[in-house]
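The data block below is target_18.cif; it holds mmCIF, C-alpha atoms.
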```
data_data
#
loop_
_atom_site.label_atom_id
_atom_site.label_comp_id
_atom_site.auth_asym_id
_atom_site.auth_seq_id
_atom_site.Cartn_x
_atom_site.Cartn_y
_atom_site.Cartn_z
CA MET A 451 0.00 0.00 0.00
CA ARG A 452 2.86 2.34 0.87
CA LYS A 453 4.42 1.57 -2.49
CA TRP A 454 1.32 2.69 -4.40
CA THR A 455 1.08 5.80 -2.28
CA VAL A 456 4.64 6.73 -3.26
CA VAL A 457 3.89 6.03 -6.95
CA LEU A 458 0.78 8.18 -6.87
CA ALA A 459 2.65 10.97 -5.13
CA LEU A 460 5.37 10.87 -7.78
CA ILE A 461 2.77 10.95 -10.52
CA ALA A 462 1.09 13.91 -8.88
CA LEU A 463 4.40 15.71 -8.53
CA ALA A 464 5.25 15.01 -12.18
CA ALA A 465 1.84 16.23 -13.32
CA GLY A 466 2.25 19.34 -11.20
CA ALA A 467 5.68 19.97 -12.65
CA VAL A 468 4.35 19.53 -16.17
CA TRP A 469 1.48 21.92 -15.46
CA TRP A 470 3.87 24.39 -13.88
CA GLN A 471 6.07 24.22 -16.99
CA ARG A 472 3.12 24.10 -19.37
CA THR A 473 3.68 27.56 -20.89
CA PRO A 474 7.45 27.12 -21.54
CA ILE A 475 6.77 23.69 -23.06
CA LEU A 476 4.01 25.04 -25.30
CA ALA A 477 6.21 28.00 -26.25
CA TRP A 478 8.96 25.62 -27.34
CA TYR A 479 6.49 23.43 -29.24
CA TYR A 480 4.62 26.26 -30.95
CA VAL A 481 7.75 28.17 -32.01
CA ARG A 482 9.29 24.95 -33.31
CA GLY A 483 6.12 24.28 -35.30
CA LEU A 484 6.09 27.81 -36.70
CA ALA A 485 9.76 27.65 -37.66
CA GLN A 486 9.22 24.46 -39.65
CA THR A 487 5.91 25.32 -41.34
CA ASP A 488 5.29 26.69 -44.83
CA LYS A 489 3.19 29.69 -45.82
CA ALA A 490 0.01 27.62 -45.91
CA GLY A 491 0.36 26.65 -42.26
CA ARG A 492 1.77 29.92 -40.96
CA ASP A 493 -1.52 31.44 -39.79
CA THR A 494 -2.39 28.38 -37.72
CA TRP A 495 0.88 28.50 -35.82
CA THR A 496 0.91 32.29 -35.37
CA ASN A 497 -2.57 32.13 -33.83
CA ARG A 498 -1.37 29.48 -31.40
CA ILE A 499 1.72 31.50 -30.59
CA ALA A 500 -0.28 34.65 -29.93
CA SER A 501 -2.22 32.88 -27.19
CA LEU A 502 1.00 32.54 -25.16
CA ASP A 503 1.70 36.27 -25.31
CA VAL A 504 5.12 37.46 -24.12
CA ALA A 505 6.31 33.94 -23.24
CA VAL A 506 7.15 33.19 -26.89
CA VAL A 507 9.05 36.43 -27.61
CA PRO A 508 12.56 35.26 -26.56
CA ARG A 509 12.34 32.13 -28.73
CA LEU A 510 11.00 34.11 -31.71
CA LEU A 511 13.85 36.61 -31.40
CA THR A 512 16.31 33.73 -31.41
CA CYS A 513 14.70 32.48 -34.65
CA LEU A 514 15.62 35.80 -36.28
CA GLU A 515 19.26 34.71 -35.95
CA ASP A 516 18.59 31.62 -38.07
CA GLY A 517 20.28 31.40 -41.46
CA ASN A 518 17.12 30.08 -43.12
CA PRO A 519 15.13 32.98 -44.64
CA GLU A 520 11.83 31.10 -44.24
CA VAL A 521 12.44 30.63 -40.51
CA CYS A 522 13.10 34.37 -40.17
CA GLU A 523 9.99 35.20 -42.18
CA ASN A 524 7.85 32.91 -40.01
CA ALA A 525 9.32 34.36 -36.81
CA THR A 526 8.60 37.88 -38.07
CA ALA A 527 4.99 36.92 -38.69
CA GLY A 528 4.81 35.46 -35.18
CA LEU A 529 6.18 38.60 -33.54
CA LEU A 530 3.78 40.78 -35.52
CA LYS A 531 0.86 38.62 -34.45
CA VAL A 532 1.84 38.76 -30.78
CA GLY A 533 2.50 42.50 -30.92
CA GLU A 534 -0.94 43.21 -32.39
CA ARG A 535 -2.46 42.26 -29.04
CA TRP A 536 -0.62 45.02 -27.17
CA GLU A 537 -1.29 48.74 -27.06
CA ILE A 538 1.40 50.87 -28.63
CA ASP A 539 2.44 52.35 -25.27
CA ASP A 540 2.37 48.97 -23.50
CA ASP A 541 5.67 48.08 -21.84
CA ARG A 542 5.66 44.80 -23.76
CA THR A 543 5.58 46.69 -27.08
CA LEU A 544 8.37 49.02 -26.02
CA ASP A 545 10.46 46.18 -24.57
CA LEU A 546 10.19 44.33 -27.89
CA ALA A 547 11.27 47.46 -29.81
CA GLU A 548 14.34 47.83 -27.62
CA GLU A 549 15.17 44.13 -27.92
CA LEU A 550 15.00 44.37 -31.72
CA ARG A 551 17.42 47.29 -31.64
CA GLN A 552 19.84 45.73 -29.15
CA ARG A 553 19.98 42.32 -30.84
CA PHE A 554 19.91 43.62 -34.43
CA ASP A 555 23.58 42.88 -35.17
CA ARG A 556 23.06 39.24 -34.16
CA PHE A 557 20.20 38.71 -36.59
CA ASN A 558 20.73 37.11 -39.97
CA SER A 559 19.83 39.13 -43.09
CA GLY A 560 16.30 37.73 -43.04
CA GLY A 561 16.02 38.57 -39.37
CA GLN A 562 17.24 42.12 -39.96
CA THR A 563 14.60 42.78 -42.61
CA GLY A 564 12.05 41.33 -40.22
CA ALA A 565 13.20 43.63 -37.40
CA LEU A 566 12.90 46.67 -39.67
CA GLU A 567 9.44 45.63 -40.77
CA ILE A 568 8.25 45.05 -37.20
CA MET A 569 9.60 48.41 -36.07
CA ALA A 570 7.92 50.21 -38.97
CA ARG A 571 4.62 48.48 -38.21
CA MET A 572 4.88 49.54 -34.57
CA LEU A 573 5.36 53.15 -35.59
CA ALA A 574 2.46 52.91 -38.03
CA ARG A 575 0.17 52.03 -35.12
CA SER A 576 1.25 55.13 -33.21
CA PRO A 577 -0.65 58.43 -33.27
CA ARG A 578 0.57 60.70 -36.06
CA GLY A 579 3.45 62.78 -34.76
CA ALA A 580 3.21 61.29 -31.26
CA ALA A 581 4.96 57.91 -31.10
CA PRO A 582 6.05 56.91 -27.56
CA PRO A 583 9.53 58.24 -26.73
CA ARG A 584 11.00 54.78 -26.07
CA LEU A 585 9.73 53.55 -29.42
CA THR A 586 10.99 56.68 -31.19
CA ARG A 587 14.43 56.26 -29.64
CA ALA A 588 14.70 52.57 -30.56
CA ALA A 589 13.45 53.14 -34.12
CA GLY A 590 15.71 56.17 -34.63
CA ASP A 591 18.77 54.29 -33.41
CA LEU A 592 17.91 51.42 -35.73
CA LEU A 593 17.55 53.82 -38.67
CA ALA A 594 20.94 55.38 -37.90
CA THR A 595 22.48 51.91 -37.82
CA THR A 596 20.97 50.75 -41.11
CA ALA A 597 21.03 53.95 -43.18
CA ALA A 598 24.37 52.93 -44.71
CA MET A 599 23.31 49.33 -45.46
CA PRO A 600 22.31 49.26 -49.16
CA ASP A 601 21.21 45.61 -49.02
CA LEU A 602 18.47 46.60 -46.57
CA ARG A 603 17.52 49.83 -48.32
CA THR A 604 13.95 48.79 -49.22
CA TYR A 605 13.07 48.14 -45.58
CA VAL A 606 15.12 51.06 -44.29
CA LEU A 607 13.07 53.43 -46.45
CA GLY A 608 9.90 51.93 -45.03
CA LEU A 609 11.14 52.56 -41.49
CA ALA A 610 12.21 56.10 -42.43
CA GLY A 611 8.75 56.89 -43.81
CA ALA A 612 7.08 55.62 -40.65
CA LEU A 613 9.46 57.68 -38.49
CA VAL A 614 8.83 60.91 -40.37
CA GLU A 615 5.07 60.43 -40.16
CA HIS A 616 4.74 59.33 -36.55
CA VAL A 617 7.44 61.18 -34.59
CA GLN A 618 7.43 64.85 -33.71
CA PRO A 619 8.01 67.18 -36.71
CA GLY A 620 11.64 67.69 -37.57
CA GLN A 621 13.02 64.57 -35.91
CA TRP A 622 15.24 62.47 -38.19
CA ARG A 623 14.35 64.72 -41.12
CA ASP A 624 17.92 65.23 -42.37
CA VAL A 625 18.72 61.51 -42.33
CA CYS A 626 15.47 60.67 -44.11
CA HIS A 627 15.98 63.40 -46.71
CA GLU A 628 19.43 62.07 -47.57
CA LEU A 629 18.05 58.53 -47.82
CA ALA A 630 15.33 59.67 -50.21
CA MET A 631 17.76 61.55 -52.45
CA GLN A 632 20.09 58.56 -52.58
CA SER A 633 17.22 56.27 -53.51
CA PHE A 634 16.40 58.30 -56.63
CA ARG A 635 19.73 57.15 -58.10
CA ASP A 636 19.24 53.49 -57.22
CA ALA A 637 19.09 50.92 -60.03
CA ASN A 638 16.14 49.16 -58.38
CA PRO A 639 12.77 50.74 -59.38
CA GLU A 640 11.14 49.54 -56.16
CA ILE A 641 13.65 51.50 -54.13
CA ARG A 642 13.06 54.60 -56.26
CA VAL A 643 9.32 54.26 -55.64
CA ARG A 644 9.88 53.97 -51.91
CA GLY A 645 12.14 57.00 -52.10
CA VAL A 646 9.32 58.99 -53.71
CA ASN A 647 6.92 57.90 -50.98
CA LEU A 648 9.41 58.93 -48.30
CA PHE A 649 9.89 62.29 -49.98
CA VAL A 650 6.11 62.84 -49.90
CA HIS A 651 6.16 62.27 -46.13
CA LEU A 652 8.95 64.83 -45.85
CA ALA A 653 6.92 67.34 -47.87
CA HIS A 654 4.34 67.76 -45.10
CA GLY A 655 5.02 71.12 -43.53
CA ALA A 656 7.70 71.98 -46.10
CA GLU A 657 7.62 74.82 -48.63
CA PRO A 658 5.14 74.28 -51.50
CA ALA A 659 7.95 73.99 -54.07
CA PHE A 660 9.67 71.21 -52.08
CA LEU A 661 8.05 68.52 -54.23
CA ALA A 662 9.56 70.02 -57.39
CA ARG A 663 12.61 67.85 -56.77
CA LEU A 664 10.50 64.89 -57.83
CA VAL A 665 9.67 66.31 -61.26
CA PRO A 666 12.64 64.64 -63.05
CA LEU A 667 11.22 61.27 -61.99
CA LEU A 668 8.21 61.90 -64.25
CA SER A 669 10.59 60.78 -67.01
CA ASP A 670 11.94 57.76 -65.14
CA PRO A 671 12.37 54.57 -67.24
CA SER A 672 10.13 52.63 -64.84
CA PRO A 673 6.33 53.10 -65.16
CA ALA A 674 5.95 52.36 -61.44
CA VAL A 675 8.28 55.25 -60.56
CA ARG A 676 6.50 57.60 -62.97
CA ARG A 677 3.15 56.71 -61.41
CA ALA A 678 4.46 57.44 -57.93
CA ALA A 679 5.92 60.75 -59.13
CA VAL A 680 2.64 61.83 -60.76
CA LEU A 681 0.72 61.04 -57.58
CA ALA A 682 3.23 63.12 -55.62
CA VAL A 683 3.55 66.24 -57.79
CA GLY A 684 0.39 66.15 -59.92
CA PRO A 685 -1.89 68.12 -57.59
CA SER A 686 0.73 70.84 -56.92
CA ARG A 687 1.11 73.78 -59.30
CA GLU A 688 4.03 74.92 -57.15
CA ALA A 689 5.85 71.70 -58.01
CA ILE A 690 5.01 71.68 -61.73
CA ALA A 691 3.00 74.12 -63.82
CA ASP A 692 0.09 72.99 -65.97
CA ASP A 693 1.99 73.53 -69.22
CA ASN A 694 4.89 71.41 -68.00
CA LEU A 695 2.57 68.61 -66.91
CA LEU A 696 0.68 68.41 -70.22
CA PRO A 697 3.38 66.47 -72.16
CA PHE A 698 2.99 63.58 -69.74
CA LEU A 699 -0.50 63.02 -71.14
CA HIS A 700 1.41 61.13 -73.84
CA ASP A 701 3.20 58.73 -71.51
CA PRO A 702 3.38 55.19 -72.98
CA ASP A 703 1.93 53.79 -69.75
CA ALA A 704 -1.87 54.08 -69.68
CA GLU A 705 -1.98 54.36 -65.89
CA VAL A 706 0.44 57.29 -65.91
CA THR A 707 -1.72 59.18 -68.43
CA ARG A 708 -4.84 58.44 -66.36
CA LEU A 709 -3.16 59.83 -63.25
CA VAL A 710 -2.02 62.93 -65.15
CA GLU A 711 -5.60 63.54 -66.28
CA LEU A 712 -6.84 63.18 -62.70
CA ALA A 713 -4.18 65.62 -61.51
CA LEU A 714 -5.20 68.19 -64.13
CA ARG A 715 -8.86 67.84 -63.18
CA SER A 716 -7.96 68.34 -59.54
CA ARG A 717 -6.48 71.69 -60.60
CA GLY A 718 -9.81 72.77 -62.09
CA LEU A 719 -9.21 71.97 -65.77
CA GLN A 720 -12.27 70.87 -67.75
CA GLU A 721 -12.37 68.04 -70.28
CA HIS A 722 -11.95 70.35 -73.29
CA HIS A 723 -8.94 71.98 -71.61
CA ILE A 724 -7.35 68.56 -71.17
CA LEU A 725 -8.17 67.65 -74.78
CA LEU A 726 -6.51 70.82 -76.06
CA GLY A 727 -3.60 70.25 -73.73
CA ARG A 728 -3.13 66.76 -75.11
CA LEU A 729 -3.21 68.05 -78.69
CA ILE A 730 -0.92 71.03 -78.21
CA SER A 731 1.68 68.92 -76.39
CA ASP A 732 1.66 66.16 -79.03
CA GLN A 733 4.96 65.60 -80.82
CA ARG A 734 3.15 65.38 -84.19
CA ALA A 735 2.55 68.72 -85.90
CA GLY A 736 -0.67 67.45 -87.48
CA GLU A 737 -2.16 66.80 -84.05
CA ARG A 738 -1.15 70.23 -82.80
CA LEU A 739 -2.90 71.83 -85.78
CA GLN A 740 -6.18 70.31 -84.57
CA VAL A 741 -6.17 72.81 -81.71
CA LEU A 742 -7.40 75.41 -84.22
CA ASP A 743 -10.51 73.38 -85.01
CA HIS A 744 -11.36 73.00 -81.33
CA LEU A 745 -10.83 76.70 -80.68
CA ARG A 746 -13.47 77.52 -83.28
CA ASP A 747 -15.95 75.13 -81.68
CA ALA A 748 -15.36 76.04 -78.01
CA GLY A 749 -16.82 79.43 -77.19
CA ASP A 750 -15.72 79.43 -73.54
CA LEU A 751 -11.99 79.31 -74.30
CA GLU A 752 -9.62 82.24 -74.54
CA PRO A 753 -8.20 81.74 -78.07
CA GLY A 754 -5.43 84.31 -77.70
CA ILE A 755 -3.56 82.17 -75.15
CA TRP A 756 -3.64 79.08 -77.34
CA LEU A 757 -2.84 80.96 -80.56
CA ARG A 758 0.19 82.60 -78.98
CA ARG A 759 1.46 79.18 -77.93
CA LEU A 760 0.92 77.87 -81.46
CA SER A 761 2.78 80.88 -82.84
CA GLU A 762 5.83 79.60 -80.91
CA ASP A 763 5.47 76.03 -82.19
CA PRO A 764 8.63 74.36 -83.57
CA ALA A 765 6.83 73.47 -86.85
CA PRO A 766 6.65 76.32 -89.45
CA ALA A 767 3.29 75.03 -90.75
CA VAL A 768 1.78 75.34 -87.27
CA ARG A 769 3.15 78.85 -86.78
CA ALA A 770 1.80 79.97 -90.14
CA ALA A 771 -1.61 78.48 -89.35
CA ALA A 772 -1.66 80.31 -86.02
CA ILE A 773 -1.06 83.62 -87.82
CA ARG A 774 -3.96 83.04 -90.22
CA ALA A 775 -6.27 81.96 -87.39
CA ALA A 776 -5.36 85.01 -85.30
CA TYR A 777 -6.14 87.34 -88.21
CA PHE A 778 -9.63 85.93 -88.65
CA GLN A 779 -10.51 86.14 -84.93
CA PRO A 780 -11.20 89.86 -84.31
CA GLN A 781 -11.18 89.45 -80.54
CA VAL A 782 -7.56 88.30 -80.65
CA ASN A 783 -4.82 90.90 -80.87
CA LEU A 784 -1.51 89.30 -81.77
CA ARG A 785 -0.24 92.03 -84.06
CA GLU A 786 2.85 92.65 -81.99
CA ARG A 787 3.66 88.96 -82.07
CA MET A 788 2.99 88.85 -85.83
CA ARG A 789 5.29 91.84 -86.34
CA GLN A 790 8.01 90.06 -84.43
CA MET A 791 7.52 86.93 -86.53
CA SER A 792 7.64 88.90 -89.78
CA LEU A 793 11.12 90.07 -88.82
CA GLN A 794 12.67 87.26 -86.81
CA ASP A 795 10.98 83.95 -87.58
CA PRO A 796 13.55 81.39 -88.80
CA SER A 797 11.23 80.30 -91.63
CA PRO A 798 11.05 82.56 -94.73
CA THR A 799 7.55 81.28 -95.42
CA VAL A 800 6.33 82.16 -91.95
CA ARG A 801 7.89 85.63 -92.24
CA GLN A 802 6.05 86.19 -95.53
CA VAL A 803 2.75 84.98 -94.08
CA ALA A 804 3.14 87.25 -91.04
CA GLU A 805 3.96 90.26 -93.23
CA TYR A 806 1.03 89.52 -95.54
CA TYR A 807 -1.55 89.49 -92.74
CA LEU A 808 0.00 92.50 -91.06
CA ASN A 809 -0.51 94.54 -94.25
CA ARG A 810 -4.06 93.34 -94.89
CA PRO A 811 -6.98 95.42 -93.66
CA SER A 812 -8.23 94.36 -90.27
CA ALA A 813 -10.64 91.42 -90.28
CA ARG A 814 -12.91 93.53 -88.09
CA ASN A 815 -13.64 95.62 -91.19
#
```
Mind turning this structure into structure tokens?
Amino acid sequence: MRKWTVVLALIALAAGAVWWQRTPILAWYYVRGLAQTDKAGRDTWTNRIASLDVAVVPRLLTCLEDGNPEVCENATAGLLKVGERWEIDDDRTLDLAEELRQRFDRFNSGGQTGALEIMARMLARSPRGAAPPRLTRAAGDLLATTAAMPDLRTYVLGLAGALVEHVQPGQWRDVCHELAMQSFRDANPEIRVRGVNLFVHLAHGAEPAFLARLVPLLSDPSPAVRRAAVLAVGPSREAIADDNLLPFLHDPDAEVTRLVELALRSRGLQEHHILLGRLISDQRAGERLQVLDHLRDAGDLEPGIWLRRLSEDPAPAVRAAAIRAAYFQPQVNLRERMRQMSLQDPSPTVRQVAEYYLNRPSARN
């Protein structure tokens, strides 16, 4: 009888010990399962991990040191899932941010990209311009550490954008501005796009012409970069004037041209203005000549502005047509311009046409 009592006591002690160690055992089991799973099974394991809260964080951080990129990716997903349960000013959130910063050099490349992503996501959950000081300090230190790491540039730009948006105005602005300018020269279009997005964050509170530095990217070889640039500068006349934006209505990428049209509408241009703008900025002289037909049909347009522009067209045929059209529109007074053309136009034919209409009686008569 005594023997069975001892056995039962040992069993009870073992069960108690197992129960006491239940959370560490489950943490080991769940993190191991997450590390070995594929994308299809990731959500199942991250949900299990999240139920253990902070107990799984040390093991997940250790996984970020693994040389297998998939293990690092899974561990990143696990840390994001756990962190979603905490408020942004929770000590657990801030402790994790500081751990990511302190252990960053020990992480493998996959773990470092994961740490940058987690930090950026933390900042994104913060109030605009009011991230907790501990989080701001950890994220800023991490940005300073990684700013000179080109292999991580995609994720560094993401962290920089989150910092600019969610910390107090002016903090880390110089570092982020330099990062954005460097990214414009990068061979990777994705990095150039992220650089544009970062520059847009920096533009908040800056002078209206600040965005003008993005205008050269409207001619970038990558359609994705051109789209990002149009979205950034399109609504701002201070960044690019209407006349300078019109040529991009002919971009070979249909989405770019659609975005340019939307930008022009946001500036108050009507459909017939955009149509004329598309014609007058066309590289084909025959298309530019069609502006004259539309001017005759549209009574709400100021023909003098458009005729003056056509009188400066690179094609002699277009300049000559503008002279004739101006003569037959009594409300337009371009005589001074015609006199200048009769003397200085590089085309002898245009000079003759200008002189001819200057010497004719006024069309008003």
Practice task
Would you translate the PyMOL selection byres ((chain A and resi 521) around 12) into the concrete set of residues it matches in this file, as a VMD selection string?
Solution key: chain A and resid 481 to 489 492 509 to 520 522 to 528 557 to 561 564
Practice task
Quote the spacing between atom CA of A:Val650 and atom CA of A:Asp539 in Å to one decimal place.
Solution key: 27.0 Å
Problem - Selection near stretch 686-701 of chain A, 9 Å with only C-alpha atoms, sequence-local residues under 5 positions removed, as a ChimeraX atom specification - result: /A:658-665,668-669,706-711,713-714,717,724,727-728,730-733
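Residues selected in this file by the PyMOL selection byres ((chain A and resi 673) around 9) comprise A:Pro639, A:Ser669, A:Asp670, A:Pro671, A:Ser672, A:Ala674, A:Val675, A:Arg676, A:Arg677, A:Ala678, A:Pro702, A:Asp703, A:Glu705, A:Val706.
Taking atom CA of A:Asp601 as the reference point, atom CA of A:His627 is found at 18.7 Å.
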Practice task
Would you list the contacts of A:Arg535 as a PyMOL selection string, taking every protein, DNA or RNA residue within 12 Å and counting only C-alpha atoms, but skipping same-chain residues closer than 2 positions in sequence?
Solution key: chain A and resi 497+499-504+528-533+537-540+542-543+572+575
Exercise for the section: Please evaluate the PyMOL selection byres ((chain A and resi 648) around 12) against the structure above and give the resulting residues as number ranges by chain. Expected result: A: 604-615, 623, 625-634, 641-647, 649-654, 661, 664, 678-679, 682
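Considering all atoms listed in the file, the residue among A:Arg801, A:Ala570, A:Leu592, A:Pro577 positioned nearest to A:Arg551 is A:Leu592.
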Exercise for the section: Between A:Pro582, A:Pro474, A:Gly590, A:Pro508, single out the one closest to A:Arg553, counting all atoms listed in the file. Expected result: A:Pro508
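For the set A:Leu726, A:Leu602, A:Ala547, A:Val803, the residue with the smallest atom-to-atom gap to A:Pro583 is A:Ala547, counting all atoms listed in the file.
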Handout entry: Test item: residues at most 12 Å from A:Glu762, all atoms listed in the file, excluding those fewer than 3 positions along its chain, as a PyMOL selection string
Key = chain A and resi 730+738+755-759+765-773+787-788+790-791+794-796+800
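In this structure, atom CA of A:Gly579 sits 29.0 Å away from atom CA of A:Arg635.
Counting all atoms listed in the file and comparing A:Tyr806, A:Asp545, A:His744, A:Ala704, the residue that lies closest to A:Arg774 is A:Tyr806.
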Practice task
Pick out the closest residue to A:Ala735 from this set: A:Asp763, A:Leu681, A:Asp493, A:His722. Count only C-alpha atoms.
Solution key: A:Asp763
